[in-house]
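Notes follow once the structure below has been shown.
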Amino acid sequence: MTAKLNVIIIDDEPIVGKRLKPALDKIGCDVEFFTNPLEAVARLEEKEFNIVVADIRMEGMDGIELLERVQAKYPRTKVIMITGYATLEMAREAQAKGAFDFIAKPFKPADLREIIAKAAESLGVSDIR
């Protein structure tokens with residue numbers, strides 16, 4: 001049985017969604033994209049996603065706060081943090097708070113697909129590539 005992964009991408013740069021959504025659709029993910037983290041949180045209240053991909057720096061709510069909210073409501077959901085302002089300290093904080101992984105911008109869609117595949121495997125879905 002092929003399970004479709006539900007993925008939500010939250011980044012205040014529209015180009016991120018424009019590039020990543022088709023790349024993840026291609027490997028069989030059901031992807032929703034939000035540029036506004038508050039709208040994304042409202043959507044997360046309505047639906048559980050298998051994987052959350054969130055920028056750390058956004059207007060209205062930062063990715064760490066979003067990570068904490070997701071972890072509190074959906075402990076099985078894998079959260080992947082992305083940022084253009086990567087520091088070792090930030091990566092440690094994100095992972096200490098339960099982030100599955102951390103990826104620095106700029107990155108190729110294939111890099112994210114690889115991390116999504118690892119997250120899928122940890123959720124018991126192995127046919128994502």
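Ligands are numbered from 1 in the order shown, residues from 1 within each chain, and chains are lettered A, B, ... in the order they appear in the structure tokens.
Near Ser122 of chain A, within a cut-off of 12 Å and counting only C-alpha atoms, sit the residues Asn50, Ile51, Arg76, Thr77, Lys78, Phe100, Ile115, Ile116, Ala117, Lys118, Ala119, Val125, Ser126, Asp127 and Ile128 of chain A, with same-chain residues fewer than 3 positions away left out.
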Residues of segment 74-115 of chain A at most 6 Å from segment 52-61 of chain A: nearest atom pair and distance in Å, only C-alpha atoms, as CSV:
```
residue,atom,partner,partner_atom,distance
A:Val79,CA,A:Val52,CA,4.7
A:Ile80,CA,A:Val53,CA,4.7
A:Met81,CA,A:Ala54,CA,5.1
A:Ile82,CA,A:Asp55,CA,4.6
A:Thr83,CA,A:Asp55,CA,5.4
```
Point to revise | Selection: 8 Å around Lys97 of chain A, only C-alpha atoms, excl. self and same-chain fewer than 4 positions, as a ChimeraX atom specification | key: /A:64,67-68,93
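Proximity of A:Ile15, A:Leu88, A:Ala120, A:Leu24 to Ala104 of chain A, computed with only C-alpha atoms, is greatest for A:Leu88.
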Point to revise | Those in segment 24-95 of chain A with strand (DSSP E) from DSSP, as a PyMOL selection string | key: chain A and resi 30-34+51-55+78-83
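One distance worth recording is that between atom CA of Phe102 of chain A and atom CA of Lys26 of chain A, which is 21.9 Å.
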Point to revise | Which residue of A:Glu89, A:Glu32, A:Asp111, A:Glu45 approaches Lys18 of chain A most closely, using only C-alpha atoms | key: A:Glu32
Check your understanding: Counting only C-alpha atoms, what is within 10 Å of Val16 of chain A, bar same-chain residues fewer than 4 positions away, as a list in words?
Key -> Ile9, Ile10, Asp11, Asp12, Leu20, Lys21, Phe33, Phe34, Thr35, Asp55, Lys105, Pro106 and Pro109 of chain A
Please save C-alpha atoms of the selected residues as an mmCIF file, in the first residue's frame.
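Once everything was written out, this is again.cif:
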```cif
data_model
loop_
_atom_site.group_PDB
_atom_site.id
_atom_site.type_symbol
_atom_site.label_atom_id
_atom_site.label_comp_id
_atom_site.auth_asym_id
_atom_site.auth_seq_id
_atom_site.Cartn_x
_atom_site.Cartn_y
_atom_site.Cartn_z
ATOM 1 C CA ILE A 9 5.646 24.092 3.758
ATOM 2 C CA ILE A 10 5.746 27.419 5.570
ATOM 3 C CA ASP A 11 8.111 30.102 4.291
ATOM 4 C CA ASP A 12 7.511 33.821 3.866
ATOM 5 C CA LEU A 20 9.536 22.978 -3.586
ATOM 6 C CA LYS A 21 5.867 22.104 -4.118
ATOM 7 C CA PHE A 33 2.235 25.881 0.979
ATOM 8 C CA PHE A 34 1.772 28.955 3.159
ATOM 9 C CA THR A 35 3.683 32.242 3.223
ATOM 10 C CA ASP A 55 11.506 28.616 7.788
ATOM 11 C CA LYS A 105 19.380 27.998 2.224
ATOM 12 C CA PRO A 106 20.204 27.959 -0.584
ATOM 13 C CA PRO A 109 14.909 20.594 -4.058
#
```
Point to revise | Backbone DSSP call of alpha helix (DSSP H) for segment 48-121 of chain A, listed as a ChimeraX atom specification | key: /A:63-73,88-96,109-121
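Take atom CA of Arg69 of chain A and atom CA of Asp101 of chain A: the distance between them is 16.6 Å.
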Review point. Could you state the separation of atom CA of Lys108 of chain A and atom CA of Ala42 of chain A in Å, given to one decimal place?
Key: 28.5 Å
Practice item. Pick out the closest residue to Ala72 of chain A from this set: A:Gly98, A:Arg92, A:Phe107, A:Phe49. Count only C-alpha atoms. Key: A:Gly98
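With distances restricted to only C-alpha atoms, A:Pro37 is the closest residue to Leu66 of chain A from A:Pro22, A:Pro37, A:Gly17, A:Gly124.
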